[in-house]
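Okay, final05.tsv now, which holds TSV, C-alpha atoms:
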```
chain	number	residue	atom	x	y	z
A	1	MET	CA	-30.93	-29.07	8.26
A	2	ASP	CA	-30.86	-26.88	5.16
A	3	TYR	CA	-28.08	-24.52	4.19
A	4	GLU	CA	-29.97	-21.39	5.20
A	5	ALA	CA	-30.55	-22.83	8.66
A	6	GLN	CA	-26.83	-23.64	8.93
A	7	LEU	CA	-25.88	-20.08	8.02
A	8	LYS	CA	-28.44	-18.76	10.50
A	9	LEU	CA	-26.83	-20.87	13.20
A	10	GLN	CA	-23.47	-19.35	12.35
A	11	ALA	CA	-24.94	-15.83	12.41
A	12	TYR	CA	-26.37	-16.66	15.85
A	13	LEU	CA	-22.89	-17.65	17.06
A	14	ASP	CA	-21.41	-14.44	15.63
A	15	GLY	CA	-24.07	-12.24	17.22
A	16	GLU	CA	-25.26	-11.04	13.84
A	17	LEU	CA	-28.95	-11.86	14.30
A	18	PRO	CA	-31.59	-9.40	15.50
A	19	GLU	CA	-32.96	-10.16	18.94
A	20	GLY	CA	-36.17	-11.80	17.68
A	21	GLU	CA	-34.37	-14.19	15.33
A	22	ALA	CA	-31.76	-15.00	17.95
A	23	LYS	CA	-34.56	-16.11	20.31
A	24	GLU	CA	-35.98	-18.36	17.58
A	25	VAL	CA	-32.59	-20.01	17.09
A	26	ALA	CA	-32.21	-20.49	20.83
A	27	ASN	CA	-35.57	-22.29	20.91
A	28	TRP	CA	-34.59	-24.39	17.89
A	29	LEU	CA	-31.32	-25.39	19.59
A	30	ALA	CA	-33.28	-26.60	22.62
A	31	ARG	CA	-34.95	-29.30	20.53
A	32	ASP	CA	-32.44	-30.12	17.74
A	33	GLN	CA	-29.29	-32.08	18.65
A	34	GLU	CA	-27.90	-31.84	15.13
A	35	ALA	CA	-27.97	-28.06	15.38
A	36	VAL	CA	-26.34	-28.23	18.79
A	37	ALA	CA	-23.53	-30.41	17.37
A	38	LEU	CA	-22.90	-28.05	14.47
A	39	LEU	CA	-22.89	-25.03	16.75
A	40	GLY	CA	-20.41	-26.86	18.98
A	41	GLU	CA	-18.07	-27.48	16.06
A	42	LEU	CA	-18.21	-23.87	14.90
A	43	ARG	CA	-17.56	-22.71	18.43
A	44	GLN	CA	-14.55	-25.02	18.79
A	45	THR	CA	-12.96	-23.75	15.60
A	46	ARG	CA	-13.46	-20.23	16.80
A	47	LYS	CA	-11.85	-21.07	20.12
A	48	ALA	CA	-8.90	-22.78	18.47
A	49	LEU	CA	-8.18	-19.72	16.35
A	50	ALA	CA	-8.32	-17.30	19.27
A	51	GLY	CA	-4.92	-15.82	19.99
A	52	PHE	CA	-3.29	-17.59	17.05
A	53	GLU	CA	-1.46	-14.46	15.86
A	54	ASP	CA	-0.25	-13.52	19.34
A	55	GLY	CA	2.69	-15.88	19.17
A	56	VAL	CA	3.86	-14.91	15.68
A	57	ARG	CA	7.18	-13.05	15.69
A	58	LEU	CA	8.85	-11.15	12.90
A	59	PRO	CA	11.74	-13.33	11.68
A	60	GLU	CA	14.10	-10.40	11.09
A	61	ALA	CA	16.43	-8.36	13.27
A	62	ARG	CA	15.10	-4.99	14.36
A	63	GLU	CA	17.87	-2.95	12.70
A	64	PHE	CA	17.63	-4.78	9.39
A	65	TYR	CA	13.84	-4.52	9.26
A	66	TRP	CA	13.79	-0.83	10.19
A	67	SER	CA	16.65	0.16	7.88
A	68	LYS	CA	14.70	-0.87	4.80
A	69	ILE	CA	11.66	1.14	5.95
A	70	GLU	CA	13.84	4.15	6.75
A	71	ARG	CA	15.62	4.03	3.39
A	72	GLU	CA	12.33	3.87	1.53
A	73	ILE	CA	10.87	6.77	3.52
A	74	GLU	CA	13.97	8.87	2.84
A	75	ARG	CA	13.93	7.95	-0.84
A	76	LEU	CA	10.29	9.00	-1.18
A	77	ASP	CA	10.85	12.22	0.80
A	78	VAL	CA	13.80	13.18	-1.41
A	79	LYS	CA	11.78	12.39	-4.52
A	80	ARG	CA	8.99	14.65	-3.29
A	81	GLU	CA	11.41	17.51	-2.62
A	82	GLU	CA	12.95	17.37	-6.11
A	83	PRO	CA	11.71	20.14	-8.46
A	84	VAL	CA	9.18	18.97	-10.98
A	85	GLY	CA	10.90	20.85	-13.83
A	86	VAL	CA	13.11	23.82	-14.70
A	87	PRO	CA	11.75	27.05	-13.15
A	88	PHE	CA	9.91	29.38	-15.51
A	89	SER	CA	12.43	32.23	-15.00
A	90	VAL	CA	15.28	30.01	-16.22
A	91	LYS	CA	13.20	28.87	-19.20
A	92	LEU	CA	12.41	32.51	-20.05
A	93	ARG	CA	16.08	33.50	-19.79
A	94	ARG	CA	17.04	30.68	-22.13
A	95	ILE	CA	14.60	31.96	-24.73
A	96	LEU	CA	15.39	35.65	-24.31
A	97	MET	CA	19.18	35.33	-24.54
A	98	PRO	CA	19.37	34.08	-28.13
A	99	ALA	CA	16.41	36.29	-29.14
A	100	SER	CA	18.28	39.38	-27.88
A	101	ALA	CA	21.38	38.28	-29.76
A	102	VAL	CA	19.38	37.95	-32.99
A	103	ALA	CA	17.86	41.40	-32.55
A	104	LEU	CA	21.26	42.95	-31.83
A	105	VAL	CA	22.91	41.35	-34.85
A	106	ALA	CA	20.05	42.51	-37.10
A	107	LEU	CA	20.34	46.06	-35.76
A	108	ILE	CA	24.12	46.16	-36.28
A	109	GLY	CA	23.63	44.78	-39.79
A	110	MET	CA	21.17	47.54	-40.66
A	111	ILE	CA	23.38	50.30	-39.26
A	112	VAL	CA	26.50	49.02	-41.04
A	113	SER	CA	24.76	48.64	-44.39
A	114	LYS	CA	23.27	52.16	-44.15
A	115	GLU	CA	26.69	53.68	-43.55
A	116	ILE	CA	28.41	51.82	-46.41
A	117	LEU	CA	25.84	52.41	-49.16
A	118	PRO	CA	24.23	55.65	-50.29
A	119	SER	CA	20.54	56.05	-49.67
A	120	GLY	CA	18.29	55.00	-52.52
A	121	SER	CA	20.95	52.66	-53.88
A	122	ALA	CA	19.66	49.67	-55.77
A	123	TYR	CA	22.43	47.49	-54.51
A	124	SER	CA	22.32	44.65	-52.07
A	125	THR	CA	24.91	44.03	-49.34
A	126	GLU	CA	26.18	40.94	-47.49
A	127	THR	CA	27.87	41.27	-44.12
A	128	SER	CA	29.33	38.49	-42.02
A	129	PHE	CA	30.26	38.66	-38.33
A	130	ARG	CA	33.06	36.27	-37.53
A	131	ASP	CA	32.57	36.39	-33.75
A	132	SER	CA	28.99	35.30	-33.77
A	133	GLU	CA	29.24	33.41	-37.09
A	134	SER	CA	26.17	35.29	-38.23
A	135	PHE	CA	25.52	36.58	-41.73
A	136	THR	CA	23.38	39.53	-42.86
A	137	TYR	CA	21.92	40.15	-46.30
A	138	HIS	CA	20.22	43.48	-47.16
A	139	ASP	CA	18.43	44.22	-50.43
A	140	TYR	CA	17.85	47.98	-50.78
A	141	ALA	CA	15.56	47.64	-53.78
A	142	GLU	CA	13.21	45.29	-51.90
A	143	GLY	CA	13.84	46.91	-48.52
A	144	THR	CA	14.55	43.43	-47.09
A	145	THR	CA	17.06	42.35	-44.45
A	146	LEU	CA	17.79	38.70	-43.75
A	147	VAL	CA	19.97	37.49	-40.89
A	148	TRP	CA	21.39	33.94	-40.64
A	149	LEU	CA	22.47	32.68	-37.28
A	150	PRO	CA	24.14	29.37	-36.33
A	151	TYR	CA	21.59	26.93	-34.88
A	152	PRO	CA	20.98	25.54	-32.35
A	153	ALA	CA	21.81	28.39	-30.02
A	154	GLU	CA	24.02	27.36	-27.13
A	155	ASN	CA	21.58	28.23	-24.38
A	156	ASP	CA	23.41	26.52	-21.57
A	157	VAL	CA	26.57	28.44	-22.42
A	158	ALA	CA	24.57	31.64	-22.49
A	159	ASP	CA	23.20	30.80	-19.06
A	160	GLU	CA	26.59	30.22	-17.56
A	161	LYS	CA	28.46	33.18	-19.03
A	162	GLU	CA	26.98	36.15	-20.75
A	163	PRO	CA	28.83	37.02	-23.98
A	164	SER	CA	30.65	40.35	-24.08
A	165	THR	CA	28.59	41.53	-27.04
A	166	LEU	CA	25.51	41.69	-24.82
A	167	GLU	CA	27.08	43.84	-22.17
B	1	MET	CA	8.20	15.31	5.47
B	2	ASP	CA	6.83	17.89	3.11
B	3	GLY	CA	5.71	21.02	4.91
B	4	TRP	CA	6.17	19.55	8.38
B	5	GLU	CA	7.50	21.76	11.09
B	6	THR	CA	10.93	21.05	12.49
B	7	VAL	CA	10.76	19.64	16.01
B	8	GLU	CA	13.20	18.76	18.69
B	9	PRO	CA	13.20	14.95	18.68
B	10	MET	CA	12.32	13.11	21.87
B	11	THR	CA	15.16	11.35	23.67
B	12	GLU	CA	15.49	7.57	23.45
B	13	ASN	CA	14.29	7.17	27.03
B	14	ALA	CA	11.32	9.38	26.37
B	15	HIS	CA	10.44	7.23	23.37
B	16	SER	CA	10.46	3.94	25.20
B	17	SER	CA	8.36	5.26	28.05
B	18	ALA	CA	5.93	7.29	25.94
B	19	GLU	CA	2.41	6.11	25.16
B	20	ASP	CA	1.45	5.46	21.54
B	21	PRO	CA	-0.53	8.72	21.13
B	22	ALA	CA	2.48	10.79	22.23
B	23	LEU	CA	4.75	8.92	19.81
B	24	VAL	CA	2.22	9.38	17.00
B	25	LYS	CA	2.07	13.10	17.73
B	26	ALA	CA	5.86	13.38	17.66
B	27	ALA	CA	6.04	11.32	14.46
B	28	GLN	CA	3.37	13.50	12.88
B	29	LYS	CA	5.71	16.45	13.45
B	30	GLY	CA	8.50	14.61	11.64
B	31	ASP	CA	10.25	12.77	14.50
B	32	MET	CA	11.49	9.65	12.76
B	33	THR	CA	12.80	8.01	15.95
B	34	ALA	CA	9.34	8.24	17.48
B	35	PHE	CA	8.02	6.45	14.41
B	36	GLU	CA	10.74	3.80	14.75
B	37	GLU	CA	9.56	3.14	18.30
B	38	LEU	CA	6.01	2.64	16.98
B	39	VAL	CA	7.38	0.18	14.43
B	40	VAL	CA	9.18	-1.73	17.16
B	41	ARG	CA	6.02	-1.95	19.25
B	42	HIS	CA	3.66	-3.07	16.51
B	43	ARG	CA	5.85	-4.83	13.95
B	44	ASP	CA	5.04	-8.37	15.17
B	45	LYS	CA	1.30	-7.77	14.97
B	46	ILE	CA	1.53	-6.20	11.51
B	47	TYR	CA	3.78	-8.97	10.25
B	48	ALA	CA	1.54	-11.64	11.81
B	49	ARG	CA	-1.50	-10.29	9.98
B	50	ALA	CA	0.39	-10.18	6.69
B	51	TYR	CA	1.63	-13.73	7.24
B	52	SER	CA	-1.84	-15.02	8.14
B	53	MET	CA	-3.20	-13.64	4.90
B	54	MET	CA	-0.32	-14.32	2.52
B	55	ARG	CA	1.09	-17.60	3.92
B	56	ASN	CA	4.55	-16.59	2.72
B	57	GLU	CA	7.23	-15.28	5.06
B	58	GLU	CA	9.14	-13.19	2.55
B	59	GLU	CA	6.03	-11.66	1.06
B	60	ALA	CA	4.70	-10.90	4.54
B	61	ILE	CA	7.93	-9.10	5.49
B	62	ASP	CA	7.92	-7.03	2.29
B	63	LEU	CA	4.26	-6.10	2.63
B	64	SER	CA	4.59	-5.23	6.29
B	65	GLN	CA	7.50	-2.91	5.49
B	66	GLU	CA	5.47	-1.34	2.71
B	67	ALA	CA	2.65	-0.84	5.22
B	68	TRP	CA	4.99	1.07	7.55
B	69	VAL	CA	6.14	3.32	4.72
B	70	LYS	CA	2.51	4.01	3.84
B	71	GLY	CA	1.78	4.59	7.50
B	72	TRP	CA	4.47	7.26	7.68
B	73	GLN	CA	3.20	8.94	4.52
B	74	ARG	CA	-0.40	9.00	5.76
B	75	LEU	CA	0.37	9.74	9.38
B	76	LYS	CA	-1.09	13.23	9.14
B	77	GLN	CA	-4.45	11.66	8.25
B	78	PHE	CA	-4.49	9.62	11.45
B	79	GLN	CA	-6.93	11.36	13.77
B	80	GLY	CA	-6.83	8.91	16.64
B	81	ASP	CA	-10.40	7.62	16.15
B	82	SER	CA	-9.02	4.11	16.60
B	83	SER	CA	-5.77	2.96	18.17
B	84	PHE	CA	-2.60	3.35	16.13
B	85	GLY	CA	-2.24	-0.46	16.02
B	86	THR	CA	-5.74	-0.87	14.60
B	87	TRP	CA	-5.08	1.85	12.03
B	88	MET	CA	-1.88	0.17	10.91
B	89	THR	CA	-3.61	-3.21	10.80
B	90	ARG	CA	-6.16	-1.82	8.35
B	91	ILE	CA	-3.32	-0.58	6.14
B	92	ILE	CA	-1.66	-4.00	6.05
B	93	ILE	CA	-5.00	-5.74	5.40
B	94	ASN	CA	-5.65	-3.49	2.41
B	95	LEU	CA	-2.16	-4.07	1.05
B	96	CYS	CA	-2.56	-7.84	1.42
B	97	LEU	CA	-5.98	-7.76	-0.27
B	98	ASP	CA	-4.53	-5.79	-3.18
B	99	GLN	CA	-1.69	-8.28	-3.48
B	100	LEU	CA	-4.10	-11.24	-3.35
B	101	ARG	CA	-6.25	-9.65	-6.06
B	102	LYS	CA	-3.17	-9.21	-8.26
B	103	GLN	CA	-2.25	-12.85	-7.69
B	104	LYS	CA	-5.80	-13.98	-8.42
B	105	ARG	CA	-5.70	-12.34	-11.82
B	106	GLN	CA	-2.61	-14.40	-12.58
B	107	ARG	CA	-3.88	-17.82	-11.55
B	108	THR	CA	-6.76	-20.09	-12.40
B	109	GLU	CA	-9.56	-20.87	-9.99
B	110	SER	CA	-8.69	-23.30	-7.27
B	111	ILE	CA	-10.68	-26.46	-6.64
B	112	GLU	CA	-12.09	-24.91	-3.49
B	113	GLU	CA	-13.45	-21.94	-5.40
B	114	LEU	CA	-15.13	-24.34	-7.80
B	115	ASP	CA	-16.64	-26.14	-4.82
B	116	GLU	CA	-18.00	-22.86	-3.54
B	117	ALA	CA	-19.44	-21.96	-6.91
B	118	SER	CA	-21.08	-25.35	-7.38
B	119	GLY	CA	-22.97	-25.34	-4.12
B	120	GLY	CA	-20.32	-26.08	-1.50
B	121	VAL	CA	-19.11	-29.36	-0.05
B	122	GLU	CA	-19.41	-27.93	3.45
B	123	ARG	CA	-23.09	-28.86	3.50
B	124	GLN	CA	-22.23	-32.53	3.29
B	125	MET	CA	-19.29	-32.48	5.71
B	126	PRO	CA	-19.97	-34.56	8.82
B	127	VAL	CA	-19.91	-32.56	12.02
B	128	VAL	CA	-16.67	-32.90	13.97
B	129	THR	CA	-17.87	-33.77	17.42
B	130	VAL	CA	-14.54	-34.37	19.16
B	131	ASN	CA	-12.46	-31.32	19.93
B	132	PRO	CA	-9.41	-31.83	17.68
B	133	THR	CA	-7.35	-29.32	19.58
B	134	ALA	CA	-7.94	-30.71	23.06
B	135	GLY	CA	-4.79	-31.40	25.03
B	136	LEU	CA	-2.48	-29.70	22.56
B	137	GLU	CA	0.26	-27.35	23.67
B	138	ARG	CA	-0.10	-23.79	22.42
B	139	GLY	CA	2.90	-24.25	20.09
B	140	GLU	CA	1.52	-27.50	18.65
B	141	LEU	CA	-1.88	-25.96	18.18
B	142	ARG	CA	-0.35	-22.98	16.39
B	143	GLN	CA	1.50	-25.27	13.99
B	144	LYS	CA	-1.65	-27.20	13.18
B	145	ILE	CA	-3.70	-24.08	12.63
B	146	ASP	CA	-0.91	-22.71	10.48
B	147	ARG	CA	-1.00	-25.79	8.25
B	148	ALA	CA	-4.78	-25.83	8.10
B	149	LEU	CA	-4.97	-22.14	7.18
B	150	SER	CA	-2.54	-22.76	4.32
B	151	GLN	CA	-4.96	-25.26	2.84
B	152	LEU	CA	-7.82	-22.79	2.57
B	153	SER	CA	-8.31	-20.66	-0.53
B	154	ASN	CA	-7.35	-17.00	-0.24
B	155	GLU	CA	-11.01	-15.95	-0.17
B	156	HIS	CA	-12.02	-18.37	2.59
B	157	ARG	CA	-8.94	-17.64	4.65
B	158	THR	CA	-9.38	-13.87	4.30
B	159	ALA	CA	-13.01	-14.02	5.42
B	160	LEU	CA	-11.99	-16.11	8.42
B	161	ILE	CA	-9.09	-13.84	9.38
B	162	LEU	CA	-11.12	-10.66	9.07
B	163	HIS	CA	-13.84	-12.14	11.26
B	164	GLU	CA	-11.83	-14.06	13.84
B	165	PHE	CA	-8.70	-11.94	14.16
B	166	GLU	CA	-9.88	-8.50	13.10
B	167	GLU	CA	-13.32	-9.01	14.63
B	168	MET	CA	-15.06	-7.40	11.69
B	169	GLU	CA	-18.81	-7.70	11.22
B	170	TYR	CA	-20.24	-9.38	8.12
B	171	LYS	CA	-21.09	-6.10	6.40
B	172	GLU	CA	-17.61	-4.73	7.06
B	173	ILE	CA	-15.99	-7.83	5.59
B	174	ALA	CA	-18.29	-7.60	2.58
B	175	LYS	CA	-17.20	-4.02	2.00
B	176	VAL	CA	-13.50	-4.80	2.35
B	177	MET	CA	-13.67	-7.91	0.16
B	178	GLY	CA	-16.00	-6.36	-2.39
B	179	CYS	CA	-18.73	-9.03	-2.18
B	180	SER	CA	-22.21	-9.51	-0.73
B	181	ILE	CA	-22.97	-10.30	2.91
B	182	GLY	CA	-24.36	-13.66	1.73
B	183	THR	CA	-21.02	-14.50	0.14
B	184	VAL	CA	-19.22	-13.54	3.32
B	185	MET	CA	-21.47	-15.86	5.33
B	186	SER	CA	-20.90	-18.71	2.88
B	187	ARG	CA	-17.13	-18.21	2.83
B	188	LEU	CA	-16.94	-17.97	6.59
B	189	PHE	CA	-19.07	-21.06	7.06
B	190	TYR	CA	-17.02	-23.07	4.58
B	191	ALA	CA	-13.73	-21.86	6.09
B	192	ARG	CA	-14.80	-22.82	9.61
B	193	ARG	CA	-16.10	-26.23	8.66
B	194	LYS	CA	-13.03	-26.95	6.55
B	195	MET	CA	-10.76	-25.88	9.40
B	196	ALA	CA	-12.55	-28.25	11.77
B	197	VAL	CA	-12.09	-31.15	9.34
B	198	LEU	CA	-8.45	-30.27	8.62
B	199	LEU	CA	-7.60	-29.97	12.29
B	200	ALA	CA	-9.27	-33.33	12.98
B	201	ASP	CA	-7.32	-34.92	10.11
B	202	LEU	CA	-4.06	-33.50	11.37
B	203	ARG	CA	-4.84	-34.97	14.79
B	204	LYS	CA	-5.50	-38.40	13.25
B	205	GLN	CA	-2.22	-38.32	11.34
B	206	GLU	CA	-0.21	-38.19	14.58
```
Output the file's structure in the form of structure tokens.
Amino acid sequence: MDYEAQLKLQAYLDGELPEGEAKEVANWLARDQEAVALLGELRQTRKALAGFEDGVRLPEAREFYWSKIEREIERLDVKREEPVGVPFSVKLRRILMPASAVALVALIGMIVSKEILPSGSAYSTETSFRDSESFTYHDYAEGTTLVWLPYPAENDVADEKEPSTLE
Amino acid sequence: MDGWETVEPMTENAHSSAEDPALVKAAQKGDMTAFEELVVRHRDKIYARAYSMMRNEEEAIDLSQEAWVKGWQRLKQFQGDSSFGTWMTRIIINLCLDQLRKQKRQRTESIEELDEASGGVERQMPVVTVNPTAGLERGELRQKIDRALSQLSNEHRTALILHEFEEMEYKEIAKVMGCSIGTVMSRLFYARRKMAVLLADLRKQE
């Protein structure tokens, strides 16, 4: 019996053959004892395996087994609920706070320097603000104002408590 | 669960007396105790399938627990086309197949795989005419089958399990295992013949 015939016999047992081919195999079985023996062996193995898993029991206590599943589900649910990142409004506030401070310091610097020096003066002025540790330089001849600020800006502090200068 | 409506959980008595579909419905609405009841009902079957495929108790427990977690996460996708038990069984089968594939990448080919590739020794195996399981107690028979299954390669054992225990058709097995129907037939034939010989040998050893 060749290999193809053996596989066909198996397909016959498994009900995988079309009706016509199944009839052919049935006729072949009627006259070939070797085929009958092989079919018998395949059938026995199949029978032996039937219901094998029915008697298998989980070797762990119910509470212990479930608690691990429950913990993992809760862990994944919590993970899913966590925010992906900092909300945009908070990010925007963190950028705008120091930017406003810079603009305010520059404005104060310009006002102060205008009051101290006469218009059209060729002098330059330097002003420092101890509170904010900023420093302003104004060159009247060039019409240039430069402001130095300490860096990095303390954004988190700005978030928690707004400085009095911004009120 | 994300976006799930809050529900009044069922009582413990209601859980134990409820049918699977009712428990699934409750669990789909976020009732964790309903899901626990489903786990209690089907855990042996899910573990048994994992153990049949993996042949390792610890691995089977871990994978079965992972399957339940996945089941909870995908519960909303369960439409009830099949039974809940069948749906969960497919999840564990896929997890086991993934695990076996990972393991395969890490090991060399077994002798049995070489046999299969070189034409198969099953063609020359003499037919086992005496029933090697006749007269055995169910427990004894289970032990023998357990030992015989352990001696098959992962591929042969998987084909056999999917056909005999999961009652999948050839084309379904081919799809799940990612091979041709011809390969499924060859693997199944080899696995069956090898099992017959192994069971006969185990009987002789007594």
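Counting all atoms listed in the file, the residue from B:Ala18, B:Leu95, B:Leu152, B:Val39 that sits nearest to chain A is B:Val39.
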Counting all atoms listed in the file, collect the residues of chain B whose closest atom lies at most 9 Å from chain A, and write them out as a ChimeraX atom specification.
/B:1-2,32,36,39-40,43-49,51-52,57,61,65-66,68-70,72-73,123,127-133,138-139,141-142,145-146,164-165,169-170,185-186,188-189,192-193,195-196,199
Between CA of Ala34 in chain B and CA of Thr11 in chain B - distance in Å to one decimal
9.0 Å
What gap, in Å, lies between CA of Ala134 in chain B and CA of Ala30 in chain A?
25.7 Å
Could you check how far CA of Thr183 in chain B sits from CA of Met125 in chain B, in Å to one decimal?
18.9 Å
